[in-house]
Structures are given as C-alpha cells and as structure tokens.
file start.pdb (PDB, C-alpha atoms)
ATOM      1  CA  MET F 972      49.433 -68.667 -76.981
ATOM      2  CA  THR F 973      52.551 -70.582 -77.927
ATOM      3  CA  THR F 974      51.856 -73.645 -80.031
ATOM      4  CA  ARG F 975      53.453 -77.016 -79.424
ATOM      5  CA  PRO F 976      56.794 -77.263 -81.319
ATOM      6  CA  THR F 977      56.345 -79.120 -84.583
ATOM      7  CA  ALA F 978      58.618 -82.127 -85.172
ATOM      8  CA  LEU F 979      60.426 -80.828 -88.248
ATOM      9  CA  PHE F 980      63.048 -83.593 -88.368
ATOM     10  CA  SER F 981      62.890 -86.753 -90.467
ATOM     11  CA  SER F 982      63.856 -89.973 -88.721
ATOM     12  CA  SER F 983      66.496 -90.684 -91.372
ATOM     13  CA  TYR F 984      68.101 -87.284 -90.810
ATOM     14  CA  LEU F 985      68.171 -87.742 -87.051
ATOM     15  CA  GLU F 986      69.814 -91.116 -87.587
ATOM     16  CA  SER F 987      72.400 -89.547 -89.880
ATOM     17  CA  LEU F 988      73.280 -86.994 -87.186
ATOM     18  CA  GLN F 989      74.210 -89.849 -84.886
ATOM     19  CA  ALA F 990      76.689 -91.210 -87.437
ATOM     20  CA  SER F 991      80.383 -90.389 -87.263
ATOM     21  CA  THR F 992      81.338 -87.368 -89.371
ATOM     22  CA  ALA F 993      85.009 -88.311 -89.586
ATOM     23  CA  ASP F 994      84.473 -89.327 -93.215
ATOM     24  CA  PRO F 995      81.785 -87.401 -95.132
ATOM     25  CA  ASN F 996      81.216 -90.448 -97.358
ATOM     26  CA  ASP F 997      80.003 -92.408 -94.319
ATOM     27  CA  ILE F 998      77.134 -89.997 -93.623
ATOM     28  CA  PRO F 999      73.783 -91.737 -94.329
ATOM     29  CA  SER F1000      71.158 -90.292 -96.647
ATOM     30  CA  ALA F1001      68.844 -87.620 -95.301
ATOM     31  CA  ALA F1002      66.205 -88.350 -97.960
ATOM     32  CA  ALA F1003      62.699 -87.714 -96.618
ATOM     33  CA  THR F1004      59.868 -85.254 -97.024
ATOM     34  CA  THR F1005      60.323 -83.788 -93.565
ATOM     35  CA  THR F1006      62.924 -81.478 -92.031
ATOM     36  CA  ALA F1007      66.328 -81.023 -90.385
ATOM     37  CA  THR F1008      68.342 -78.370 -88.539
ATOM     38  CA  THR F1009      71.877 -76.927 -88.565
ATOM     39  CA  THR F1010      73.514 -73.643 -87.547
ATOM     40  CA  THR F1011      76.392 -71.489 -88.736
ATOM     41  CA  PRO F1012      78.951 -69.224 -86.980
ATOM     42  CA  PRO F1013      78.362 -65.445 -86.628
ATOM     43  CA  LEU F1014      77.838 -63.443 -89.785
ATOM     44  CA  SER F1015      80.887 -61.952 -91.474
ATOM     45  CA  ASN F1016      81.207 -58.369 -92.682
ATOM     46  CA  THR F1017      82.302 -59.069 -96.240
ATOM     47  CA  GLN F1018      79.872 -58.659 -99.123
ATOM     48  CA  PRO F1019      78.603 -61.810-100.863
ATOM     49  CA  LYS F1020      78.960 -62.475-104.545
ATOM     50  CA  LYS F1021      75.769 -61.952-106.538
ATOM     51  CA  LYS F1022      75.123 -64.601-109.152
ATOM     52  CA  ASN F1023      72.005 -65.587-111.000
ATOM     53  CA  ASN F1024      71.324 -67.912-113.908
ATOM     54  CA  ASN F1025      67.535 -67.642-113.647
ATOM     55  CA  LYS F1026      66.052 -65.351-116.284
ATOM     56  CA  SER F1027      62.741 -64.863-114.490
ATOM     57  CA  GLY F1028      64.106 -61.886-112.554
ATOM     58  CA  PRO F1029      67.229 -60.286-111.017
ATOM     59  CA  HIS F1030      68.789 -62.519-108.376
ATOM     60  CA  ILE F1031      65.525 -64.413-107.770
ATOM     61  CA  ILE F1032      67.523 -67.647-107.620
ATOM     62  CA  GLU F1033      71.224 -67.416-106.822
ATOM     63  CA  THR F1034      73.591 -70.046-108.194
ATOM     64  CA  LEU F1035      76.019 -71.443-105.612
ATOM     65  CA  ASP F1036      79.122 -72.896-107.255
ATOM     66  CA  SER F1037      81.423 -73.497-104.280
ATOM     67  CA  VAL F1038      81.699 -73.859-100.510
ATOM     68  CA  SER F1039      82.497 -70.145-100.414
ATOM     69  CA  ASP F1040      79.327 -69.293-102.336
ATOM     70  CA  PHE F1041      77.300 -71.455 -99.966
ATOM     71  CA  PHE F1042      78.517 -69.649 -96.853
ATOM     72  CA  ASN F1043      78.346 -66.210 -98.444
ATOM     73  CA  TYR F1044      74.695 -66.922 -99.160
ATOM     74  CA  LEU F1045      73.953 -68.077 -95.612
ATOM     75  CA  ASP F1046      76.069 -65.533 -93.785
ATOM     76  CA  HIS F1047      74.582 -62.467 -95.456
ATOM     77  CA  ALA F1048      70.902 -63.231 -95.061
ATOM     78  CA  PRO F1049      68.855 -60.455 -93.415
ATOM     79  CA  LYS F1050      67.952 -61.114 -89.788
ATOM     80  CA  ASP F1051      64.969 -63.454 -89.322
ATOM     81  CA  SER F1052      64.586 -64.000 -93.078
ATOM     82  CA  LEU F1053      64.214 -67.398 -94.740
ATOM     83  CA  SER F1054      66.834 -68.597 -97.237
ATOM     84  CA  VAL F1055      66.040 -71.645 -99.350
ATOM     85  CA  VAL F1056      68.683 -73.818-101.030
ATOM     86  CA  GLU F1057      67.738 -76.443-103.605
ATOM     87  CA  PHE F1058      70.354 -79.178-104.047
ATOM     88  CA  TYR F1059      69.820 -80.808-107.428
ATOM     89  CA  GLY F1060      71.467 -83.377-109.659
ATOM     90  CA  LYS F1061      72.738 -82.356-113.090
ATOM     91  CA  ASN F1062      71.298 -85.494-114.677
ATOM     92  CA  CYS F1063      68.331 -85.897-112.327
ATOM     93  CA  PRO F1064      65.066 -86.311-114.309
ATOM     94  CA  LEU F1065      62.884 -85.211-111.386
ATOM     95  CA  CYS F1066      65.030 -82.099-110.857
ATOM     96  CA  LYS F1067      64.455 -81.105-114.473
ATOM     97  CA  ARG F1068      60.705 -81.615-114.145
ATOM     98  CA  VAL F1069      60.410 -79.407-111.052
ATOM     99  CA  ALA F1070      62.793 -76.656-112.240
ATOM    100  CA  LEU F1071      60.017 -74.358-113.476
ATOM    101  CA  LYS F1072      57.997 -74.991-110.310
ATOM    102  CA  TYR F1073      60.944 -73.935-108.153
ATOM    103  CA  LYS F1074      61.307 -70.741-110.204
ATOM    104  CA  LYS F1075      57.584 -70.075-109.812
ATOM    105  CA  ILE F1076      57.798 -70.454-106.037
ATOM    106  CA  ALA F1077      60.875 -68.223-105.909
ATOM    107  CA  ASN F1078      59.158 -65.596-108.035
ATOM    108  CA  THR F1079      56.170 -65.564-105.668
ATOM    109  CA  TYR F1080      57.911 -65.475-102.291
ATOM    110  CA  SER F1081      60.893 -63.276-103.184
ATOM    111  CA  LYS F1082      58.499 -60.431-104.057
ATOM    112  CA  ARG F1083      56.829 -60.337-100.653
ATOM    113  CA  ILE F1084      56.940 -56.850 -99.153
ATOM    114  CA  ASP F1085      56.922 -58.323 -95.650
ATOM    115  CA  ASP F1086      59.219 -61.285 -94.937
ATOM    116  CA  PRO F1087      60.691 -61.766 -98.430
ATOM    117  CA  VAL F1088      62.268 -65.192 -98.961
ATOM    118  CA  ARG F1089      65.637 -65.776-100.679
ATOM    119  CA  PHE F1090      66.304 -68.693-103.037
ATOM    120  CA  ALA F1091      69.430 -70.452-104.300
ATOM    121  CA  GLN F1092      70.501 -73.620-106.116
ATOM    122  CA  MET F1093      73.525 -75.899-105.860
ATOM    123  CA  GLU F1094      74.387 -78.610-108.382
ATOM    124  CA  HIS F1095      75.647 -82.151-107.910
ATOM    125  CA  PRO F1096      78.225 -83.530-108.764
ATOM    126  CA  ALA F1097      79.977 -80.160-109.115
ATOM    127  CA  ASN F1098      79.488 -79.536-105.380
ATOM    128  CA  LYS F1099      79.604 -83.125-104.144
ATOM    129  CA  PRO F1100      81.903 -82.313-101.146
ATOM    130  CA  VAL F1101      79.279 -79.919 -99.752
ATOM    131  CA  MET F1102      76.488 -82.448-100.129
ATOM    132  CA  ASP F1103      78.590 -85.278 -98.702
ATOM    133  CA  VAL F1104      79.116 -83.325 -95.494
ATOM    134  CA  LEU F1105      75.450 -82.312 -95.276
ATOM    135  CA  GLY F1106      74.345 -85.910 -95.840
ATOM    136  CA  ILE F1107      72.412 -85.227 -99.041
ATOM    137  CA  ARG F1108      72.004 -88.322-101.207
ATOM    138  CA  THR F1109      68.756 -87.806-103.155
ATOM    139  CA  PHE F1110      67.618 -85.004-105.431
ATOM    140  CA  PRO F1111      66.018 -82.563-105.454
ATOM    141  CA  PHE F1112      66.615 -81.831-101.774
ATOM    142  CA  LEU F1113      65.848 -78.529-100.060
ATOM    143  CA  HIS F1114      67.193 -76.777 -96.979
ATOM    144  CA  VAL F1115      65.580 -73.687 -95.448
ATOM    145  CA  TYR F1116      67.790 -71.482 -93.264
ATOM    146  CA  ARG F1117      66.882 -68.788 -90.759
ATOM    147  CA  ASN F1118      69.513 -66.778 -88.885
ATOM    148  CA  GLY F1119      72.173 -69.263 -89.941
ATOM    149  CA  GLN F1120      70.187 -72.282 -88.751
ATOM    150  CA  CYS F1121      68.711 -74.916 -91.032
ATOM    151  CA  VAL F1122      65.078 -75.026 -89.905
ATOM    152  CA  ALA F1123      63.794 -77.362 -92.618
ATOM    153  CA  ALA F1124      65.284 -80.050 -94.847
ATOM    154  CA  HIS F1125      63.312 -82.384 -97.066
ATOM    155  CA  GLY F1126      63.129 -84.219-100.352
ATOM    156  CA  THR F1127      60.087 -84.584-102.594
ATOM    157  CA  GLU F1128      58.388 -87.772-103.682
ATOM    158  CA  SER F1129      57.395 -86.588-107.163
ATOM    159  CA  ASP F1130      56.946 -83.540-109.362
ATOM    160  CA  ALA F1131      53.247 -83.632-108.438
ATOM    161  CA  THR F1132      53.988 -83.066-104.732
ATOM    162  CA  PHE F1133      56.994 -80.742-105.091
ATOM    163  CA  GLU F1134      55.228 -77.381-105.202
ATOM    164  CA  GLY F1135      52.820 -78.169-102.374
ATOM    165  CA  ILE F1136      55.543 -79.499-100.075
ATOM    166  CA  VAL F1137      57.862 -76.534-100.634
ATOM    167  CA  LYS F1138      55.123 -73.914-100.261
ATOM    168  CA  ASP F1139      53.754 -75.592 -97.119
ATOM    169  CA  THR F1140      57.206 -75.673 -95.530
ATOM    170  CA  ILE F1141      57.891 -72.014 -96.264
ATOM    171  CA  GLN F1142      54.459 -70.816 -95.192
ATOM    172  CA  ARG F1143      54.527 -72.752 -91.917
ATOM    173  CA  GLU F1144      57.784 -71.053 -91.014
ATOM    174  CA  LEU F1145      56.616 -67.607 -92.081
ATOM    175  CA  ASP F1146      53.577 -68.055 -89.830
ATOM    176  CA  MET F1147      55.617 -68.963 -86.746
ATOM    177  CA  THR F1148      55.702 -66.326 -84.003
ATOM    178  CA  LYS F1149      58.772 -65.403 -81.964
ATOM    179  CA  GLU F1150      57.441 -67.622 -79.185
ATOM    180  CA  ASP F1151      56.990 -70.485 -81.654
ATOM    181  CA  TRP F1152      60.595 -70.143 -82.811
ATOM    182  CA  ASN F1153      61.919 -70.054 -79.257
ATOM    183  CA  ALA F1154      59.926 -73.180 -78.402
ATOM    184  CA  PHE F1155      61.152 -74.935 -81.549
ATOM    185  CA  LEU F1156      64.812 -74.109 -80.912
ATOM    186  CA  THR F1157      64.536 -75.293 -77.318
ATOM    187  CA  ALA F1158      62.715 -78.508 -78.180
ATOM    188  CA  PHE F1159      65.259 -79.477 -80.824
ATOM    189  CA  ALA F1160      68.445 -78.115 -79.271
ATOM    190  CA  GLY F1161      70.182 -81.498 -79.600
ATOM    191  CA  PRO F1162      69.730 -81.933 -83.359
ATOM    192  CA  ILE F1163      70.530 -78.271 -83.890
ATOM    193  CA  GLN F1164      73.872 -78.645 -82.129
ATOM    194  CA  GLN F1165      74.644 -81.798 -84.094
ATOM    195  CA  GLY F1166      73.815 -79.909 -87.255
ATOM    196  CA  THR F1167      76.203 -77.184 -86.194
ATOM    197  CA  ASP F1168      78.964 -79.783 -86.132
ATOM    198  CA  ARG F1169      78.163 -80.618 -89.760
ATOM    199  CA  LEU F1170      78.508 -76.999 -90.837
ATOM    200  CA  ASP F1171      81.695 -76.650 -88.803
ATOM    201  CA  GLN F1172      83.088 -79.541 -90.814
ATOM    202  CA  LEU F1173      82.008 -77.787 -93.999
ATOM    203  CA  ARG F1174      83.741 -74.608 -92.804
ATOM    204  CA  GLY F1175      86.916 -76.697 -92.747
ATOM    205  CA  LEU F1176      86.484 -77.357 -96.465
ATOM    206  CA  LEU F1177      86.127 -73.617 -96.997
ATOM    207  CA  LEU F1178      89.456 -73.004 -95.272
ATOM    208  CA  LEU F1179      91.115 -75.589 -97.517
ATOM    209  CA  GLU F1180      89.548 -73.973-100.565
ATOM    210  CA  GLU F1181      90.822 -70.539 -99.556
ATOM    211  CA  GLU F1182      94.308 -71.878 -98.808
ATOM    212  CA  GLY F1183      94.388 -73.470-102.250
ATOM    213  CA  GLU F1184      93.730 -70.098-103.872
ATOM    214  CA  GLU F1185      96.707 -68.426-102.166
TER     215      GLU F1185
END
call {"tool": "encode", "arguments": {"input": "start.pdb", "output": "structure tokens"}}
result
Amino acid sequence: MTTRPTALFSSSYLESLQASTADPNDIPSAAATTTATTTTPPLSNTQPKKKNNNKSGPHIIETLDSVSDFFNYLDHAPKDSLSVVEFYGKNCPLCKRVALKYKKIANTYSKRIDDPVRFAQMEHPANKPVMDVLGIRTFPFLHVYRNGQCVAAHGTESDATFEGIVKDTIQRELDMTKEDWNAFLTAFAGPIQQGTDRLDQLRGLLLLEEEGEE
C-alpha cells in the first residue's frame, strides 16, 4: 500500500523558492532541519572527474571544487541511487566537529551491496556562487539527490544531532518504494519545478566557466 507522501520541504526553503532568482544574492536562507527538492537536465555521456581527499577509503567522499565538478557528480550517478552533498564552511566550527561523523556515515552507506549511497563535499567560500544560487546560507548543509532531483535538503542544529538527522534522512529515502517515490514527486511537483529553475540558473554559471577556459 502506498504511504502518504512525507512533507520533505522546510518552510524557509519553500519561501526561498518564491523569491526572485534574478540575483543569487537575494535568495533567502534555506537553513532548516527538513528538506528541499530540485532537478537537473538529462545525464551527459562524458566521464566525471574522480577526486577524493578523504583517507578513509577510495572515493568514499568526493571533493567538488567547481560548478563543473558539482554537475559531473550529479549527472553521473547510477539510476535510482542516492547522492549526498555536504556544503560546509572552511572556518565553520560546527563543520569541523561533524567532519568525522560525516566520514563515518559515508563509510557505512557507501559499502552497501544493495543501494550504495554516494557522498561528496563542497567548501564555502571557494564555491560561494554555487551556494548563492542554491540558497545555502548556513553550514553544514546537506542535499540528497536521486535521478538528478534533490529529494532532501537540511541543516543540523548541533554536532549531537548531526549523525541521527543524516542517517534518518538517508534511510527514509532508501526505504521508499517506487509507489512512494511516484506519490512524493506528484505531491511536490511545484517545488520540484521551482528547484529545477535554480539548477538551470546554476547551469548558466557552468557555461560561463567553460567559456572562460577557452
């Protein structure tokens, strides 16, 4: 039996989606310990770059250093898999306190034989343009993507709640059936489309980045 779609969107994120995206700096904060949704265009056929600064295992946590890295990571995820991105601040005390917990979670879920989960990190202020467009203002902040759609987005209140919140989010999504996903996507079609507009805007930054390299 299909369960009732869970409201995986924070009120602050929904409010930010209603804001004009003409200027990324005008996008309100999406800080909350609930979730959000966005989508990306069809997957490309090029191979992503493999990068990893985490010594706990090969490619357990990928480091995303640019808009290009961000989309390579999203666009090359296996079908129906979950891809987690942690946005963190370079000088964020809380981010430093939860770093080992994030690695522990990544080590656990990336080794699953069935439904392995992928993990990545992106630093602020080095990637501020990405976070401005996505409306990220507090750290650490996590997005979970599935088939190019952001199906969860939340902050954490403290290092004491970090591990439980992240594990609960991942597990709830791993436990969702195909019918659950279809119900969720239908129930939140509006926010999903608005999230798509955000990623389309970010794709524009990617084009500028690529043009600058020519």
call {"tool": "closest_residue", "arguments": {"input": "start.pdb", "among": "F:Glu1094, F:Pro1111, F:Arg1169, F:Gly1183", "to": "Ser1129 of chain F", "atoms": "all atoms listed in the file"}}
result
F:Pro1111
call {"tool": "closest_residue", "arguments": {"input": "start.pdb", "among": "F:Lys1074, F:Thr1034, F:His1047, F:Phe1110", "to": "Tyr1059 of chain F", "atoms": "all atoms listed in the file"}}
result
F:Phe1110
call {"tool": "atom_distance", "arguments": {"input": "start.pdb", "atom1": "atom CA of Phe1058 of chain F", "atom2": "atom CA of Pro1162 of chain F"}}
result
20.9 Å
call {"tool": "axis_aligned_box", "arguments": {"input": "start.pdb", "around": "segment 1136-1146 of chain F", "padding_each_side": "4 Å", "output": "AutoDock Vina command-line options"}}
result
--center_x 55.7 --center_y -73.6 --center_z -95.2 --size_x 12.3 --size_y 19.9 --size_z 18.8
call {"tool": "atom_distance", "arguments": {"input": "start.pdb", "atom1": "atom CA of Glu1033 of chain F", "atom2": "atom CA of Leu1170 of chain F"}}
result
20.0 Å
call {"tool": "closest_residue", "arguments": {"input": "start.pdb", "among": "F:Gln1092, F:Asn1098, F:Asn1062, F:Asn1078", "to": "Leu1176 of chain F", "atoms": "only C-alpha atoms"}}
result
F:Asn1098
call {"tool": "closest_atom_pairs", "arguments": {"input": "start.pdb", "of": "segment 1041-1086 of chain F", "to": "segment 1137-1153 of chain F", "cutoff": "12 Å", "atoms": "all atoms listed in the file", "output": "tab-separated table"}}
result
residue	atom	partner	partner_atom	distance
F:Asp1051	CA	F:Leu1145	CA	9.7
F:Ser1052	CA	F:Leu1145	CA	8.8
F:Leu1053	CA	F:Ile1141	CA	8.0
F:Ser1054	CA	F:Ile1141	CA	9.6
F:Val1055	CA	F:Ile1141	CA	8.7
F:Val1056	CA	F:Val1137	CA	11.2
F:Glu1057	CA	F:Val1137	CA	10.3
F:Val1069	CA	F:Val1137	CA	11.1
F:Lys1072	CA	F:Val1137	CA	9.8
F:Tyr1073	CA	F:Val1137	CA	8.5
F:Lys1074	CA	F:Val1137	CA	11.7
F:Lys1075	CA	F:Lys1138	CA	10.6
F:Ile1076	CA	F:Lys1138	CA	7.2
F:Ala1077	CA	F:Lys1138	CA	9.9
F:Thr1079	CA	F:Lys1138	CA	10.0
F:Tyr1080	CA	F:Ile1141	CA	8.9
F:Ser1081	CA	F:Ile1141	CA	11.5
F:Arg1083	CA	F:Leu1145	CA	11.2
F:Asp1085	CA	F:Leu1145	CA	10.0
F:Asp1086	CA	F:Leu1145	CA	7.4
call {"tool": "build_atoms", "arguments": {"input": "start.pdb", "residues": "segment 1158-1180 of chain F", "atoms": "N, CA, C and O atoms", "output": "tab-separated table (two decimals), keeping the file's coordinate frame"}}
result
chain	number	residue	atom	x	y	z
F	1158	ALA	N	63.13	-77.11	-78.08
F	1158	ALA	CA	62.72	-78.51	-78.18
F	1158	ALA	C	63.71	-79.35	-78.97
F	1158	ALA	O	63.88	-80.54	-78.69
F	1159	PHE	N	64.36	-78.73	-79.95
F	1159	PHE	CA	65.26	-79.48	-80.82
F	1159	PHE	C	66.71	-79.00	-80.72
F	1159	PHE	O	67.46	-79.01	-81.68
F	1160	ALA	N	67.08	-78.62	-79.50
F	1160	ALA	CA	68.44	-78.11	-79.27
F	1160	ALA	C	69.50	-79.16	-79.61
F	1160	ALA	O	70.57	-78.83	-80.13
F	1161	GLY	N	69.21	-80.44	-79.32
F	1161	GLY	CA	70.18	-81.50	-79.60
F	1161	GLY	C	70.50	-81.63	-81.08
F	1161	GLY	O	71.66	-81.54	-81.49
F	1162	PRO	N	69.48	-81.85	-81.92
F	1162	PRO	CA	69.73	-81.93	-83.36
F	1162	PRO	C	70.35	-80.67	-83.94
F	1162	PRO	O	71.17	-80.73	-84.85
F	1163	ILE	N	69.97	-79.52	-83.40
F	1163	ILE	CA	70.53	-78.27	-83.89
F	1163	ILE	C	72.04	-78.23	-83.64
F	1163	ILE	O	72.82	-77.85	-84.51
F	1164	GLN	N	72.45	-78.64	-82.44
F	1164	GLN	CA	73.87	-78.64	-82.13
F	1164	GLN	C	74.62	-79.65	-83.00
F	1164	GLN	O	75.73	-79.38	-83.47
F	1165	GLN	N	74.02	-80.81	-83.23
F	1165	GLN	CA	74.64	-81.80	-84.09
F	1165	GLN	C	74.76	-81.28	-85.53
F	1165	GLN	O	75.74	-81.54	-86.23
F	1166	GLY	N	73.76	-80.52	-85.94
F	1166	GLY	CA	73.82	-79.91	-87.26
F	1166	GLY	C	74.91	-78.86	-87.34
F	1166	GLY	O	75.55	-78.69	-88.38
F	1167	THR	N	75.13	-78.17	-86.24
F	1167	THR	CA	76.20	-77.18	-86.19
F	1167	THR	C	77.55	-77.85	-86.45
F	1167	THR	O	78.41	-77.30	-87.14
F	1168	ASP	N	77.72	-79.04	-85.91
F	1168	ASP	CA	78.96	-79.78	-86.13
F	1168	ASP	C	79.16	-80.08	-87.62
F	1168	ASP	O	80.29	-80.06	-88.12
F	1169	ARG	N	78.07	-80.37	-88.32
F	1169	ARG	CA	78.16	-80.62	-89.76
F	1169	ARG	C	78.66	-79.37	-90.50
F	1169	ARG	O	79.52	-79.44	-91.38
F	1170	LEU	N	78.09	-78.23	-90.16
F	1170	LEU	CA	78.51	-77.00	-90.84
F	1170	LEU	C	79.91	-76.58	-90.43
F	1170	LEU	O	80.65	-75.99	-91.23
F	1171	ASP	N	80.31	-76.91	-89.21
F	1171	ASP	CA	81.69	-76.65	-88.80
F	1171	ASP	C	82.65	-77.46	-89.67
F	1171	ASP	O	83.72	-76.99	-90.06
F	1172	GLN	N	82.27	-78.69	-89.95
F	1172	GLN	CA	83.09	-79.54	-90.81
F	1172	GLN	C	83.17	-78.94	-92.22
F	1172	GLN	O	84.22	-78.93	-92.86
F	1173	LEU	N	82.04	-78.40	-92.67
F	1173	LEU	CA	82.01	-77.79	-94.00
F	1173	LEU	C	82.85	-76.51	-94.02
F	1173	LEU	O	83.48	-76.19	-95.03
F	1174	ARG	N	82.89	-75.80	-92.90
F	1174	ARG	CA	83.74	-74.61	-92.80
F	1174	ARG	C	85.20	-75.00	-93.00
F	1174	ARG	O	86.00	-74.23	-93.53
F	1175	GLY	N	85.55	-76.21	-92.55
F	1175	GLY	CA	86.92	-76.70	-92.75
F	1175	GLY	C	87.25	-76.84	-94.22
F	1175	GLY	O	88.36	-76.53	-94.65
F	1176	LEU	N	86.27	-77.27	-95.02
F	1176	LEU	CA	86.48	-77.36	-96.46
F	1176	LEU	C	86.69	-75.98	-97.06
F	1176	LEU	O	87.47	-75.80	-98.01
F	1177	LEU	N	85.98	-74.99	-96.52
F	1177	LEU	CA	86.13	-73.62	-97.00
F	1177	LEU	C	87.54	-73.11	-96.75
F	1177	LEU	O	88.14	-72.47	-97.62
F	1178	LEU	N	88.10	-73.43	-95.58
F	1178	LEU	CA	89.46	-73.00	-95.27
F	1178	LEU	C	90.46	-73.64	-96.25
F	1178	LEU	O	91.38	-72.98	-96.73
F	1179	LEU	N	90.24	-74.91	-96.56
F	1179	LEU	CA	91.12	-75.59	-97.52
F	1179	LEU	C	90.99	-74.96	-98.90
F	1179	LEU	O	91.97	-74.81	-99.61
F	1180	GLU	N	89.80	-74.59	-99.27
F	1180	GLU	CA	89.55	-73.97	-100.56
F	1180	GLU	C	90.26	-72.64	-100.65
F	1180	GLU	O	90.88	-72.30	-101.66
